[in-house]
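Everything below belongs to entry-v4.txt, which stores compact mmCIF, C-alpha atoms.
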```txt
# COMPACT_ATOMS: atom_id res chain seq x y z
CA ASN A 1 14.16 -1.62 18.58
CA ASN A 2 15.78 -4.60 16.80
CA SER A 3 13.66 -7.11 18.70
CA GLY A 4 10.81 -9.58 18.21
CA PRO A 5 8.27 -8.92 20.97
CA THR A 6 5.27 -11.11 21.72
CA ILE A 7 2.58 -9.55 23.94
CA THR A 8 -0.44 -11.67 24.88
CA GLY A 9 -3.34 -11.39 27.29
CA CYS A 10 -2.42 -7.94 28.58
CA THR A 11 -4.42 -4.81 29.41
CA ILE A 12 -2.80 -1.59 28.25
CA ARG A 13 -4.78 1.31 29.67
CA GLY A 14 -4.55 5.01 30.35
CA ASN A 15 -1.10 5.75 28.98
CA ARG A 16 -0.20 9.22 27.70
CA SER A 17 2.31 10.51 25.20
CA ASP A 18 3.09 13.95 23.84
CA GLY A 19 5.01 12.23 21.06
CA SER A 20 4.08 9.48 18.61
CA CYS A 21 2.90 6.60 20.80
CA GLY A 22 1.19 6.22 24.17
CA GLY A 23 1.05 2.42 24.31
CA ILE A 24 3.27 -0.03 22.38
CA TYR A 25 5.99 1.28 20.05
CA VAL A 26 8.03 -1.08 17.88
CA GLU A 27 10.67 -0.09 15.34
CA TRP A 28 13.10 -2.14 13.23
CA SER A 29 11.73 -5.41 14.61
CA ALA A 30 12.05 -8.80 12.95
CA SER A 31 8.54 -9.76 14.06
CA THR A 32 5.89 -8.51 16.46
CA THR A 33 2.86 -10.36 17.82
CA ILE A 34 0.15 -8.71 19.92
CA ALA A 35 -2.72 -11.05 20.77
CA ASP A 36 -5.78 -11.21 23.01
CA CYS A 37 -5.15 -7.85 24.65
CA VAL A 38 -7.42 -5.02 25.79
CA ILE A 39 -5.96 -1.70 24.71
CA GLU A 40 -7.99 1.25 25.89
CA GLU A 41 -8.09 4.89 26.97
CA ASN A 42 -4.61 5.71 25.71
CA LEU A 43 -3.64 9.16 24.41
CA GLY A 44 -1.39 9.11 21.37
CA ARG A 45 -1.07 6.09 19.11
CA ALA A 46 -1.96 3.00 21.10
CA VAL A 47 0.13 0.63 18.95
CA SER A 48 2.75 1.78 16.48
CA CYS A 49 4.91 -0.53 14.37
CA ILE A 50 7.38 1.09 11.97
CA ASP A 51 10.04 -0.18 9.56
CA SER A 52 9.77 -3.77 10.76
CA ASP A 53 9.57 -7.09 8.94
CA THR A 54 6.19 -8.37 10.14
CA ALA A 55 3.49 -7.58 12.67
CA VAL A 56 0.49 -9.68 13.71
CA ILE A 57 -2.21 -8.05 15.82
CA GLU A 58 -5.11 -10.38 16.54
CA GLY A 59 -7.95 -11.00 18.94
CA CYS A 60 -7.64 -7.62 20.64
CA THR A 61 -10.19 -5.04 21.74
CA PHE A 62 -9.34 -1.37 21.17
CA ARG A 63 -11.67 1.13 22.79
CA LYS A 64 -11.79 4.77 23.82
CA ASN A 65 -8.30 5.53 22.55
CA GLN A 66 -7.50 9.10 21.52
CA GLY A 67 -5.05 8.78 18.68
CA ARG A 68 -4.67 5.98 16.15
CA SER A 69 -5.37 2.61 17.77
CA ILE A 70 -2.98 0.96 15.30
CA HIS A 71 -0.41 2.73 13.14
CA ILE A 72 1.64 0.61 10.72
CA ALA A 73 4.35 1.97 8.42
CA HIS A 74 6.56 -0.02 6.03
CA THR A 75 5.78 -3.28 7.81
CA ALA A 76 3.98 -6.39 6.49
CA ALA A 77 1.03 -6.48 8.89
CA THR A 78 -1.85 -8.85 9.57
CA ILE A 79 -4.67 -7.30 11.62
CA ALA A 80 -7.17 -10.05 12.39
CA ASN A 81 -10.27 -10.59 14.52
CA ASN A 82 -9.98 -7.33 16.44
CA VAL A 83 -12.78 -5.08 17.69
CA PHE A 84 -12.42 -1.28 17.49
CA VAL A 85 -15.15 0.55 19.38
CA ASN A 86 -15.72 4.11 20.57
CA ASN A 87 -12.24 5.33 19.67
CA GLN A 88 -11.80 9.07 19.18
CA SER A 89 -9.48 8.86 16.18
CA THR A 90 -9.16 6.68 13.09
CA PRO A 91 -8.64 3.16 14.51
CA VAL A 92 -6.26 1.78 11.87
CA GLU A 93 -3.81 3.65 9.66
CA THR A 94 -1.23 2.07 7.37
CA ALA A 95 1.42 3.54 5.10
CA GLY A 96 3.64 1.91 2.53
CA THR A 97 2.48 -1.65 3.11
CA GLY A 98 0.17 -4.38 1.82
CA ALA A 99 -1.65 -4.87 5.11
CA ILE A 100 -4.12 -7.72 5.60
CA ILE A 101 -7.20 -6.70 7.60
CA THR A 102 -9.53 -9.62 8.17
CA GLY A 103 -12.42 -10.43 10.50
CA CYS A 104 -12.39 -7.04 12.27
CA ALA A 105 -15.30 -4.93 13.54
CA PHE A 106 -15.13 -1.12 13.48
CA LEU A 107 -18.03 0.28 15.50
CA HIS A 108 -18.94 3.81 16.62
CA ASN A 109 -15.49 5.29 16.09
CA SER A 110 -14.95 8.97 15.33
CA GLY A 111 -12.00 10.16 13.28
CA TRP A 112 -11.18 13.82 13.81
CA GLY A 113 -9.43 13.83 10.41
CA ASN A 114 -10.06 11.41 7.58
CA SER A 115 -12.02 8.19 8.13
CA GLY A 116 -13.71 6.74 11.15
CA GLY A 117 -12.38 3.27 10.31
CA PHE A 118 -9.30 2.79 8.15
CA ASN A 119 -6.81 5.14 6.47
CA CYS A 120 -4.32 3.87 3.91
CA TYR A 121 -1.49 5.83 2.31
CA ASN A 122 0.63 4.40 -0.52
CA GLY A 123 -0.42 0.83 0.15
CA THR A 124 -2.10 -2.30 -1.20
CA PRO A 125 -4.41 -3.45 1.62
CA THR A 126 -6.71 -6.46 1.52
CA ILE A 127 -9.87 -6.19 3.63
CA THR A 128 -11.95 -9.34 4.12
CA ASN A 129 -14.99 -10.09 6.31
CA CYS A 130 -14.94 -6.84 8.22
CA THR A 131 -17.84 -4.77 9.59
CA PHE A 132 -17.77 -0.97 9.47
CA ALA A 133 -20.83 0.45 11.24
CA TYR A 134 -21.79 3.84 12.69
CA ASN A 135 -18.34 5.38 12.31
CA LYS A 136 -17.80 9.06 11.57
CA ALA A 137 -15.08 11.10 9.89
CA GLY A 138 -15.72 14.25 11.88
CA GLY A 139 -13.97 16.80 9.69
CA GLY A 140 -12.82 14.74 6.76
CA TYR A 141 -13.42 12.16 4.10
CA GLY A 142 -14.53 8.53 4.15
CA GLY A 143 -16.74 7.48 7.06
CA ALA A 144 -15.35 3.92 6.90
CA ILE A 145 -12.33 3.94 4.56
CA TYR A 146 -9.98 6.59 3.16
CA LEU A 147 -7.47 5.67 0.45
CA HIS A 148 -4.60 7.82 -0.82
CA ASN A 149 -2.41 6.58 -3.66
CA SER A 150 -3.47 3.02 -2.84
CA ASP A 151 -4.90 -0.08 -4.50
CA ALA A 152 -7.27 -1.97 -2.18
CA ILE A 153 -9.30 -5.19 -2.36
CA VAL A 154 -12.47 -5.41 -0.25
CA THR A 155 -14.49 -8.63 -0.02
CA ASN A 156 -17.27 -9.98 2.23
CA THR A 157 -17.50 -6.69 4.13
CA ILE A 158 -20.43 -4.73 5.59
CA PHE A 159 -20.58 -0.92 5.46
CA TRP A 160 -23.55 0.53 7.31
CA GLY A 161 -24.46 3.85 8.89
CA ASP A 162 -21.06 5.53 8.50
CA THR A 163 -20.89 9.28 7.81
CA ALA A 164 -18.40 11.85 6.51
CA ARG A 165 -18.28 15.24 4.86
CA LYS A 166 -17.45 13.49 1.57
CA GLY A 167 -17.89 9.78 0.94
CA ASN A 168 -20.11 8.54 3.74
CA GLU A 169 -18.62 5.07 3.43
CA ILE A 170 -15.52 5.29 1.22
CA TYR A 171 -13.34 8.10 -0.14
CA LEU A 172 -10.67 7.58 -2.80
CA ASP A 173 -8.30 10.52 -2.90
CA GLY A 174 -6.61 11.41 -6.17
CA TRP A 175 -4.16 14.05 -5.01
CA GLY A 176 -0.63 13.15 -6.07
CA SER A 177 -1.65 9.79 -7.54
CA PRO A 178 -5.09 8.15 -7.92
CA SER A 179 -6.38 5.19 -5.93
CA THR A 180 -8.25 2.06 -7.00
CA LEU A 181 -10.74 -0.01 -5.01
CA HIS A 182 -11.85 -3.51 -6.02
CA ILE A 183 -14.99 -4.45 -4.10
CA SER A 184 -17.17 -7.57 -4.27
CA HIS A 185 -19.57 -9.67 -2.18
CA SER A 186 -20.18 -6.81 0.23
CA ASP A 187 -23.05 -4.78 1.65
CA LEU A 188 -22.41 -1.13 0.78
CA GLY A 189 -24.95 0.96 2.66
CA GLY A 190 -26.07 3.87 0.52
CA GLY A 191 -24.84 2.23 -2.66
CA VAL A 192 -22.85 4.13 -5.28
CA PRO A 193 -23.51 7.61 -3.76
CA SER A 194 -21.76 6.54 -0.55
CA VAL A 195 -18.43 6.39 -2.43
CA GLN A 196 -16.56 9.56 -3.43
CA LEU A 197 -13.93 9.38 -6.18
CA GLU A 198 -11.42 12.14 -6.90
CA LEU A 199 -8.95 13.02 -9.68
CA GLY A 200 -8.68 9.79 -11.65
CA SER A 201 -9.38 7.34 -8.85
CA GLN A 202 -11.60 4.40 -9.74
CA ILE A 203 -13.70 1.67 -8.22
CA ILE A 204 -13.99 -1.79 -9.78
CA TRP A 205 -17.42 -3.22 -8.99
CA GLY A 206 -17.40 -6.99 -8.61
CA ALA A 207 -20.09 -9.62 -8.13
CA GLY A 208 -22.32 -10.10 -5.10
CA LEU A 209 -22.79 -6.47 -4.03
CA ILE A 210 -25.93 -5.34 -2.18
CA ASP A 211 -27.26 -2.20 -0.53
CA SER A 212 -29.52 -3.48 2.25
CA ASP A 213 -29.99 -3.17 5.99
CA PRO A 214 -27.75 -5.95 7.38
CA LEU A 215 -30.27 -6.56 10.20
CA PHE A 216 -27.81 -6.68 13.06
CA ALA A 217 -29.03 -8.42 16.20
CA GLU A 218 -28.86 -5.41 18.56
CA PRO A 219 -26.87 -2.54 17.07
CA GLY A 220 -27.78 -0.26 19.98
CA VAL A 221 -25.62 -2.38 22.28
CA LEU A 222 -22.92 -3.03 19.67
CA ASP A 223 -24.14 -6.53 18.84
CA THR A 224 -23.53 -6.96 15.11
CA HIS A 225 -24.36 -10.65 14.87
CA LEU A 226 -26.42 -11.25 11.76
CA THR A 227 -30.02 -12.25 12.35
CA TYR A 228 -31.81 -15.05 10.53
CA HIS A 229 -33.33 -12.82 7.84
CA SER A 230 -30.20 -10.75 7.22
CA PRO A 231 -29.42 -10.32 3.50
CA CYS A 232 -25.74 -10.72 4.42
CA ARG A 233 -26.19 -14.36 5.44
CA ALA A 234 -24.37 -16.69 3.04
CA GLY A 235 -23.64 -13.68 0.82
CA GLY A 236 -19.88 -13.88 1.11
CA ASP A 237 -17.33 -15.42 -1.21
CA PRO A 238 -15.80 -18.60 0.28
CA LEU A 239 -12.76 -18.04 -1.97
CA ALA A 240 -12.10 -14.51 -0.74
CA PRO A 241 -8.44 -13.64 -0.10
CA ASN A 242 -7.29 -14.01 3.50
CA LEU A 243 -10.63 -15.43 4.64
CA PRO A 244 -10.56 -15.70 8.45
CA THR A 245 -11.11 -19.17 9.86
CA THR A 246 -13.34 -17.84 12.65
CA ALA A 247 -15.56 -14.85 13.32
CA ILE A 248 -14.64 -12.42 16.11
CA GLU A 249 -16.32 -14.57 18.77
CA GLY A 250 -14.78 -17.81 17.60
CA ASP A 251 -17.64 -19.21 15.51
CA PRO A 252 -16.54 -20.97 12.31
CA MET A 253 -16.46 -18.58 9.38
CA ALA A 254 -17.63 -21.11 6.82
CA VAL A 255 -20.59 -23.41 7.57
CA SER A 256 -21.40 -26.09 4.97
CA GLY A 257 -19.39 -24.11 2.46
CA ALA A 258 -21.37 -20.89 2.92
CA VAL A 259 -19.78 -17.68 4.20
CA ASP A 260 -21.58 -14.68 5.66
CA MET A 261 -20.57 -11.09 5.07
CA GLY A 262 -19.07 -9.14 7.96
CA ALA A 263 -17.05 -9.98 11.05
CA ASP A 264 -19.84 -11.33 13.26
CA GLN A 265 -21.68 -14.24 11.70
CA TYR A 266 -25.19 -15.57 12.10
CA PRO A 267 -24.70 -17.72 15.22
CA ILE A 268 -24.81 -21.47 14.75
CA HIS A 269 -25.22 -22.00 18.52
CA PRO A 270 -28.21 -21.04 20.73
CA TYR A 271 -28.32 -17.27 21.08
CA HIS A 272 -30.55 -14.95 23.03
CA LEU A 273 -31.03 -11.22 22.51
CA GLY A 274 -30.94 -8.82 25.43
```
Represent the supplied structure as structure tokens.
Amino acid sequence: NNSGPTITGCTIRGNRSDGSCGGIYVEWSASTTIADCVIEENLGRAVSCIDSDTAVIEGCTFRKNQGRSIHIAHTAATIANNVFVNNQSTPVETAGTGAIITGCAFLHNSGWGNSGGFNCYNGTPTITNCTFAYNKAGGGYGGAIYLHNSDAIVTNTIFWGDTARKGNEIYLDGWGSPSTLHISHSDLGGGVPSVQLELGSQIIWGAGLIDSDPLFAEPGVLDTHLTYHSPCRAGGDPLAPNLPTTAIEGDPMAVSGAVDMGADQYPIHPYHLG
């Protein structure tokens, strides 16, 4: 409490909590930075930041956590260039904040409630150059994203192969107050039917939207690099809000002014499959 922690290059593994957090808990902090960490196999929320000024979580790998990997409430948060893989609860949940989520990959996660990727309650998130693939909302709504009383902007993002009881990719709840989603320059697998709107919620369709197989390099081994013939190559908006400077493996995000969709770009360096 009442601190400004910086945690870098650490492994946080196998912690257990019967309460709210099994890993890192921060409350009433001026600023928090968590960078380049491996956070895995924790029970309970792995990282929780509540009622603080700012939080930056970047360059981390979250895997096989049971409980939210990141929970943010009433804190201005930037979640950048992280990988969330094989977690057994919704990886990222925010409440009461305008979180920035940029350059992140959400792969093969399973939410036991709503969303296998990102839940937002009463917020204004901005999501840019992220990849949501093969996530599942086991008993709920929104395979990739669930919004409740929120207004979100999504740009340069890939949604592919996610599943849910309602809204295979995106679910906009309308209970209490409707939600709005602005989406552009993104690959929305399944197209319009993959989005479920409820009780006055709305989606604002922008330019540059496609519904095509992104042609990942090797999705079976979690390699979501874009291949040469991917329709997501150079399909992004170079003026997107909060555009990351690099992809999740450090490659430049913009090459000769062109920006790919998703978190893992077509590689500009020699690259071999297998």
Report as a tab-separated table the residues of stretch 71-160 of chain A within 9 Å of stretch 224-230 of chain A, each with its shortest atom pair and distance in Å (one decimal), using only C-alpha atoms, ordered by chain and increasing residue number.
```
residue	atom	partner	partner_atom	distance
A:Ala105	CA	A:Thr224	CA	8.6
A:Thr131	CA	A:Thr224	CA	8.2
A:Ala133	CA	A:Thr224	CA	8.8
```
Notebook entry, point to check: Need the neighbours of (-21.5, -15.8, 2.8): which residues are at most 8 Å away, counting only C-alpha atoms, as JSON, numbers by chain?
Noted result: {"A": [156, 232, 233, 234, 235, 236, 237, 238, 254, 258, 259, 260, 261]}
Next item on the list: Would you mind listing what lies within 10 Å of A:Leu107 as JSON, numbers by chain, with all atoms listed in the file counted and same-chain residues fewer than 2 positions away left out?
Entry: {"A": [63, 83, 84, 85, 86, 87, 91, 104, 105, 109, 110, 116, 117, 131, 132, 133, 134, 135, 136, 144, 160, 161, 162, 219, 222, 223, 224]}
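Taking only C-alpha atoms into account, A:Glu27 lies nearest to A:His74 out of the set A:His74, A:Arg13, A:His108, A:His182.
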Give me the residues near A:Val195 as a PDB file with C-alpha atoms, keeping the file's coordinate frame, where near means some atom within 8 Å (using only C-alpha atoms) and where sequence neighbours in that chain fewer than 6 positions away do not count.
```pdb
ATOM      1  CA  GLY A 142     -14.530   8.530   4.150  1.00  0.00           C
ATOM      2  CA  GLY A 167     -17.890   9.780   0.940  1.00  0.00           C
ATOM      3  CA  ASN A 168     -20.110   8.540   3.740  1.00  0.00           C
ATOM      4  CA  GLU A 169     -18.620   5.070   3.430  1.00  0.00           C
ATOM      5  CA  ILE A 170     -15.520   5.290   1.220  1.00  0.00           C
ATOM      6  CA  TYR A 171     -13.340   8.100  -0.140  1.00  0.00           C
ATOM      7  CA  LEU A 172     -10.670   7.580  -2.800  1.00  0.00           C
TER       8      LEU A 172
END
```
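Across A:Gly189, A:Gln88, A:Pro241, A:Lys64, the tightest approach to A:Ala152 is made by A:Pro241 when counting only C-alpha atoms.
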Next item on the list: Compile the contact shell of A:Gly113 as a VMD selection string: residues with an atom at most 10 Å away, counting only C-alpha atoms, same-chain residues fewer than 6 positions apart removed.
Entry: chain A and resid 89 to 90 119 136 to 142 164
